[in-house]
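Dropping model.cif in here (mmCIF, C-alpha atoms):
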```
data_run
#
loop_
_atom_site.label_atom_id
_atom_site.label_comp_id
_atom_site.auth_asym_id
_atom_site.auth_seq_id
_atom_site.Cartn_x
_atom_site.Cartn_y
_atom_site.Cartn_z
CA PRO A 655 -70.24 -128.72 100.30
CA SER A 656 -72.60 -131.69 100.54
CA TYR A 657 -73.83 -131.04 96.99
CA TRP A 658 -70.27 -131.04 95.67
CA ASN A 659 -69.31 -134.18 97.61
CA THR A 660 -72.11 -136.05 95.84
CA ALA A 661 -70.64 -135.10 92.48
CA VAL A 662 -67.09 -135.98 93.55
CA ASP A 663 -68.16 -139.43 94.76
CA VAL A 664 -69.52 -140.15 91.29
CA THR A 665 -66.54 -138.77 89.36
CA ALA A 666 -64.03 -140.70 91.45
CA ALA A 667 -65.20 -143.92 89.85
CA ARG A 668 -64.16 -142.71 86.39
CA CYS A 669 -61.16 -140.38 86.67
CA ALA A 670 -59.65 -137.59 88.73
CA VAL A 671 -61.18 -134.13 88.37
CA PRO A 672 -58.56 -131.42 87.61
CA ALA A 673 -58.16 -129.07 90.57
CA LYS A 674 -58.97 -126.05 88.37
CA VAL A 675 -62.28 -127.56 87.24
CA GLU A 676 -63.16 -128.58 90.80
CA GLU A 677 -62.53 -125.08 92.16
CA VAL A 678 -64.58 -123.44 89.39
CA MET A 679 -67.50 -125.77 90.07
CA ARG A 680 -67.41 -125.19 93.82
CA THR A 681 -67.65 -121.44 93.15
CA SER A 682 -70.36 -121.88 90.52
CA ILE A 683 -72.60 -123.95 92.79
CA ALA A 684 -72.35 -121.38 95.58
CA GLU A 685 -73.09 -118.50 93.19
CA LEU A 686 -76.12 -120.18 91.67
CA LEU A 687 -77.61 -121.09 95.05
CA THR A 688 -77.06 -117.50 96.22
CA ALA A 689 -78.74 -116.12 93.08
CA CYS A 690 -81.75 -118.36 93.62
CA GLY A 691 -82.02 -117.42 97.29
CA PRO A 692 -83.33 -114.34 99.13
CA SER A 693 -80.01 -112.55 99.72
CA ILE A 694 -79.87 -110.71 96.37
CA THR A 695 -82.10 -107.73 95.62
CA TRP A 696 -83.55 -108.09 92.12
CA SER A 697 -85.04 -105.28 90.05
CA GLY A 698 -87.01 -105.10 86.81
CA HIS A 699 -89.56 -107.87 87.33
CA GLU A 700 -90.83 -107.64 83.77
CA VAL A 701 -93.17 -110.45 82.69
CA LYS A 702 -92.88 -111.70 79.14
CA ASP A 703 -93.85 -115.06 77.62
CA ASP A 704 -95.00 -116.06 81.12
CA VAL A 705 -91.45 -115.62 82.41
CA VAL A 706 -90.59 -113.19 85.22
CA MET A 707 -87.40 -111.41 84.11
CA MET A 708 -85.14 -109.79 86.72
CA ARG A 709 -81.69 -108.24 86.95
CA ALA A 710 -79.23 -107.45 89.74
CA LYS A 711 -75.79 -105.95 90.15
CA VAL A 712 -73.55 -108.71 91.45
CA GLY A 713 -69.83 -108.16 91.93
CA GLY A 714 -68.00 -105.11 90.66
CA SER A 715 -68.00 -105.77 86.92
CA GLY A 716 -71.03 -103.64 86.05
CA ILE A 717 -72.50 -106.55 84.11
CA TYR A 718 -75.99 -107.49 85.24
CA CYS A 719 -76.76 -110.90 86.60
CA LEU A 720 -80.04 -111.85 84.92
CA LYS A 721 -82.71 -114.25 86.15
CA GLY A 722 -85.81 -115.73 84.58
CA VAL A 723 -88.44 -117.76 86.44
CA GLY A 724 -91.36 -119.56 84.85
CA GLU A 725 -93.46 -122.69 85.00
CA VAL A 726 -92.94 -125.45 82.44
CA HIS A 727 -95.55 -128.17 82.10
CA ALA A 728 -93.09 -131.05 81.95
CA PRO A 729 -91.26 -133.18 84.54
CA VAL A 730 -87.82 -132.17 85.81
CA ALA A 731 -86.21 -135.11 83.99
CA THR A 732 -87.62 -134.01 80.63
CA ILE A 733 -86.33 -130.45 81.01
CA ARG A 734 -82.96 -131.65 82.27
CA SER A 735 -82.60 -133.90 79.23
CA LEU A 736 -83.25 -130.97 76.89
CA ILE A 737 -80.80 -128.64 78.63
CA ARG A 738 -77.93 -131.15 78.61
CA ASP A 739 -78.45 -132.07 74.92
CA LEU A 740 -76.19 -129.79 72.86
CA ASN A 741 -77.94 -130.86 69.65
CA ARG A 742 -81.10 -129.15 70.98
CA HIS A 743 -79.42 -126.15 72.62
CA SER A 744 -80.55 -123.74 69.89
CA LEU A 745 -84.19 -124.44 70.81
CA TYR A 746 -83.79 -122.09 73.77
CA ASP A 747 -80.63 -120.15 72.81
CA PRO A 748 -81.03 -118.93 69.20
CA LEU A 749 -77.52 -117.46 68.83
CA PHE A 750 -75.94 -120.86 69.56
CA LYS A 751 -74.29 -122.49 66.52
CA TRP A 752 -72.49 -125.56 67.78
CA GLY A 753 -71.12 -127.20 70.88
CA LYS A 754 -69.22 -130.27 71.98
CA VAL A 755 -68.20 -131.99 75.19
CA VAL A 756 -64.40 -131.91 75.34
CA ALA A 757 -64.06 -133.75 78.66
CA GLU A 758 -66.56 -135.84 80.60
CA TYR A 759 -65.49 -136.77 84.11
CA SER A 760 -68.79 -138.36 85.10
CA GLU A 761 -72.47 -138.35 84.29
CA HIS A 762 -72.68 -135.17 86.36
CA LEU A 763 -69.49 -133.25 85.49
CA ARG A 764 -68.07 -132.23 82.11
CA VAL A 765 -66.34 -129.46 80.14
CA GLU A 766 -68.14 -128.03 77.10
CA HIS A 767 -66.94 -125.88 74.19
CA LEU A 768 -69.75 -123.64 72.84
CA TYR A 769 -69.73 -121.35 69.79
CA TYR A 770 -72.11 -118.45 69.09
CA GLU A 771 -72.79 -116.05 66.25
CA THR A 772 -75.04 -113.01 66.16
CA ASN A 773 -76.72 -110.95 63.47
CA ARG A 774 -76.51 -107.77 65.57
CA CYS A 775 -74.39 -105.11 63.86
CA ILE A 776 -73.00 -103.96 67.21
CA ILE A 777 -71.32 -107.35 67.69
CA LYS A 778 -69.31 -108.21 64.61
CA GLN A 779 -67.31 -111.16 65.91
CA ALA A 780 -68.42 -114.61 66.95
CA ARG A 781 -67.91 -115.67 70.57
CA ASP A 782 -66.95 -118.98 72.07
CA PHE A 783 -66.91 -120.28 75.63
CA CYS A 784 -65.20 -123.06 77.55
CA LEU A 785 -67.46 -124.11 80.41
CA ALA A 786 -67.28 -126.48 83.33
CA VAL A 787 -70.78 -127.91 83.80
CA CYS A 788 -72.01 -129.72 86.89
CA GLU A 789 -75.41 -131.34 87.54
CA LEU A 790 -76.58 -132.01 91.08
CA GLU A 791 -79.69 -133.83 92.29
CA GLN A 792 -81.42 -132.91 95.55
CA GLU A 793 -83.55 -135.07 97.82
CA ASP A 794 -86.74 -133.17 96.99
CA GLY A 795 -86.38 -134.05 93.28
CA SER A 796 -84.90 -130.69 92.30
CA VAL A 797 -81.93 -130.52 89.93
CA ILE A 798 -79.21 -127.86 89.84
CA ILE A 799 -77.22 -127.37 86.62
CA CYS A 800 -74.27 -124.97 87.01
CA ALA A 801 -71.95 -123.61 84.32
CA LYS A 802 -68.93 -121.33 84.60
CA SER A 803 -65.94 -120.53 82.40
CA VAL A 804 -62.79 -122.55 82.97
CA ASP A 805 -59.36 -122.63 81.32
CA VAL A 806 -58.28 -126.15 80.42
CA GLY A 807 -55.65 -125.18 77.84
CA ASP A 808 -55.47 -126.95 74.49
CA LEU A 809 -58.30 -129.27 75.49
CA CYS A 810 -60.64 -126.36 74.71
CA ALA A 811 -58.62 -123.99 72.52
CA PRO A 812 -60.34 -120.81 71.24
CA THR A 813 -62.06 -121.14 67.87
CA LYS A 814 -60.27 -119.32 65.04
CA GLY A 815 -61.97 -116.01 64.35
CA ALA A 816 -63.98 -116.03 67.58
CA VAL A 817 -63.50 -113.99 70.75
CA ARG A 818 -63.18 -116.17 73.84
CA SER A 819 -65.72 -114.77 76.30
CA GLN A 820 -66.50 -115.54 79.93
CA VAL A 821 -69.52 -116.95 81.72
CA LEU A 822 -69.22 -115.39 85.17
CA ALA A 823 -72.20 -117.28 86.57
CA SER A 824 -74.89 -119.35 84.93
CA GLY A 825 -77.20 -122.23 85.59
CA TRP A 826 -80.62 -123.74 86.06
CA LEU A 827 -82.66 -124.66 89.11
CA LEU A 828 -85.41 -127.14 88.24
CA GLN A 829 -87.94 -127.65 91.04
CA PRO A 830 -91.00 -129.91 90.87
CA LYS A 831 -94.07 -127.71 91.25
CA LYS A 832 -95.88 -128.46 94.49
CA GLY A 833 -99.19 -130.19 93.93
CA SER A 834 -98.44 -131.09 90.30
CA ASP A 835 -97.49 -134.71 91.01
CA GLY A 836 -94.23 -134.10 89.15
CA ALA A 837 -95.95 -133.05 85.93
CA ALA A 838 -94.82 -129.41 86.10
CA THR A 839 -91.52 -127.71 86.97
CA VAL A 840 -90.72 -124.27 88.37
CA THR A 841 -87.78 -123.39 86.13
CA THR A 842 -85.21 -120.75 87.10
CA TYR A 843 -82.40 -119.61 84.81
CA VAL A 844 -79.51 -117.38 85.93
CA SER A 845 -76.96 -115.82 83.59
CA GLN A 846 -74.08 -113.36 83.91
CA VAL A 847 -71.87 -113.26 80.81
CA ASP A 848 -68.90 -111.04 79.92
CA LEU A 849 -68.75 -110.64 76.13
CA THR A 850 -65.04 -109.83 76.11
CA GLY A 851 -64.12 -106.60 74.38
CA LEU A 852 -67.44 -104.84 74.91
CA PRO A 853 -68.30 -102.25 77.58
CA SER A 854 -70.60 -103.49 80.34
CA THR A 855 -73.39 -101.12 79.24
CA LEU A 856 -73.48 -102.73 75.81
CA VAL A 857 -73.22 -106.24 77.26
CA ASN A 858 -76.28 -105.52 79.41
CA ILE A 859 -78.27 -104.43 76.34
CA VAL A 860 -77.26 -107.43 74.26
CA SER A 861 -77.92 -109.92 77.08
CA ALA A 862 -81.25 -108.47 78.23
CA LYS A 863 -83.37 -111.29 76.77
CA GLN A 864 -81.34 -114.14 78.23
CA PRO A 865 -83.99 -114.90 80.92
CA LEU A 866 -86.35 -115.84 78.06
CA SER A 867 -84.35 -119.04 77.74
CA VAL A 868 -86.99 -120.36 80.14
CA ALA A 869 -89.66 -119.72 77.48
CA GLY A 870 -87.42 -121.40 74.92
CA VAL A 871 -87.13 -124.49 77.11
CA ARG A 872 -90.89 -124.50 77.53
CA ALA A 873 -91.32 -124.39 73.75
CA GLY A 874 -88.72 -127.12 73.30
CA VAL A 875 -90.40 -129.62 75.62
CA THR A 876 -94.05 -128.81 74.86
CA GLY A 877 -93.82 -127.92 71.16
CA SER A 878 -95.50 -124.54 71.61
CA ARG A 879 -94.99 -121.18 73.27
CA LYS A 880 -97.66 -119.12 74.98
CA VAL A 881 -96.78 -115.50 74.34
CA GLY A 882 -97.36 -113.19 77.29
CA ARG A 883 -97.50 -109.42 77.53
CA SER A 884 -95.00 -107.05 79.05
CA ALA A 885 -95.13 -103.38 79.85
CA ALA A 886 -92.11 -102.75 77.66
CA SER A 887 -93.07 -104.81 74.61
CA SER A 888 -95.70 -107.26 73.44
CA ARG A 889 -93.46 -108.90 70.87
CA SER A 890 -92.00 -112.33 71.53
CA PRO A 891 -88.51 -113.41 70.51
CA SER A 892 -88.13 -115.47 67.37
CA SER A 893 -89.34 -119.02 67.80
CA THR A 894 -87.33 -120.21 64.80
CA PRO A 895 -83.71 -120.47 65.99
CA PRO A 896 -80.86 -121.33 63.61
CA SER A 897 -79.99 -125.00 63.32
CA ALA A 898 -77.32 -126.32 65.64
CA LEU A 899 -74.42 -128.23 64.14
CA ARG A 900 -74.35 -131.85 65.28
CA THR A 901 -71.29 -132.82 67.27
CA LYS A 902 -70.17 -135.96 69.04
CA SER A 903 -69.27 -135.97 72.73
CA ALA A 904 -65.76 -136.81 73.89
CA ARG A 905 -65.11 -138.73 77.07
CA VAL A 906 -62.02 -138.99 79.25
#
```

Can you give me the file's structure in the form of structure tokens?
Amino acid sequence: PSYWNTAVDVTAARCAVPAKVEEVMRTSIAELLTACGPSITWSGHEVKDDVVMMRAKVGGSGIYCLKGVGEVHAPVATIRSLIRDLNRHSLYDPLFKWGKVVAEYSEHLRVEHLYYETNRCIIKQARDFCLAVCELEQEDGSVIICAKSVDVGDLCAPTKGAVRSQVLASGWLLQPKKGSDGAATVTTYVSQVDLTGLPSTLVNIVSAKQPLSVAGVRAGVTGSRKVGRSAASSRSPSSTPPSALRTKSARV
């Protein structure tokens, strides 16, 4: 609750936060903190591109919650700036095509409309998402960035030809690495996405590399990627993502 109250204090100076958005963000913050804590049992623990990749069954959907943890040699502020910049989103999420902020309630709370395409033959339709996004700063210098699907009506109407899908839980925990003097960040990414219209087994296959977004962020802020080895595969994901379409942010 104290994390959320900090965000509300800031947003109150600009405009009222819709009750639906507020409730989604309260849930999202709790889910992300739980996923980053010790109460969930994670399996997998594959290491690739210097990222520890894990999965867990959370809820009754059958869709894995995925987590990636890795060190990025950049300050928290630098990584946060990259993650919140939709014009650079494709640096760490290669299926991303375009995105825009459809409502901005404060510096820390907004609603984003994101559009994705894939070249996988098993997914023939594009997907789009409407997400409430909240950023929270902690006293130790850590930053939490939460995202979860929200319905705000015509403000974020589905894109023609795309399937509106759902982010069940997603977000970043950026923690200054101890002893690094702020020059390095322990970066954790959590993702649980329902690609509407697909069985959970297929969703789990398609989403398996999502934890490697941490490696993409590392490449985006340092300009290079150190490719690690894994027991399953020694190949790294493409480091040449498609270009993101430039969009302007809206503000309410």

Practice problem: Extract, using all atoms listed in the file, all DNA, RNA and protein residues at most 10 Å from stretch 813-823 of chain A, discarding same-chain residues fewer than 3 positions from it, and format them as a PyMOL selection string. | Solution: chain A and resi 681-686+689+712-713+715+717+719-720+767-771+778-786+800-804+810+844-851

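If you measure from each of A:Val875, A:Cys788, A:Leu856, A:Ile737 to A:Ala838 using all atoms listed in the file, the closest one turns out to be A:Val875.
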
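Between atom CA of A:His762 and atom CA of A:Ser693 the interatomic distance comes to 27.3 Å.
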
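Atom to atom, atom CA of A:Gly722 and atom CA of A:Met679 stand 21.6 Å apart.
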
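The space separating atom CA of A:Gly716 from atom CA of A:Ser861 comes to 12.9 Å.
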
Quiz prompt | Residues selected by the PyMOL selection byres ((chain A and resi 798) around 9), written as a ChimeraX atom specification | solution = /A:683,686-687,788-792,796-797,799-800,825-829

Quiz item: Smallest atom-to-atom distance to A:Gly836: which of A:Val730, A:Met708, A:Cys690, A:Val723, using all atoms listed in the file?
Solution: A:Val730

Quiz prompt | Residues selected by the PyMOL selection byres ((chain A and resi 707) around 8), written as a ChimeraX atom specification | solution = /A:698-702,705-706,708-709,720-723,865-866

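Closest to A:Lys863 among A:Asp747, A:Pro830, A:Thr695, A:Arg742 is A:Asp747, based on all atoms listed in the file.
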
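Distances to A:Gly870 were evaluated for A:Gly714, A:Pro748, A:Gly833, A:Gly807 using only C-alpha atoms, and the minimum falls at A:Pro748.
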
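When the distance limit is 9 Å and only C-alpha atoms are what count, the residues near A:Leu809, minus those fewer than 3 positions from it on the same chain, are A:Val756, A:Ala757, A:Asp805, A:Val806.
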
Self-check item: Picked residues, the PyMOL selection byres ((chain A and resi 726) around 6), expected as a list in words
Solution: Glu725, His727, Ala728, Ala838, Thr839 and Arg872 of chain A

Practice problem: Point out the residue among A:Thr772, A:Ala811, A:Val765, A:Pro853 with the least atom-to-atom distance to A:Glu676, counting only C-alpha atoms. | Solution: A:Val765

Practice problem: Rank A:Asp835, A:Gly795, A:Thr732, A:Tyr718 by their smallest atom-to-atom distance to A:Ser854, using all atoms listed in the file, and report the top residue only. | Solution: A:Tyr718
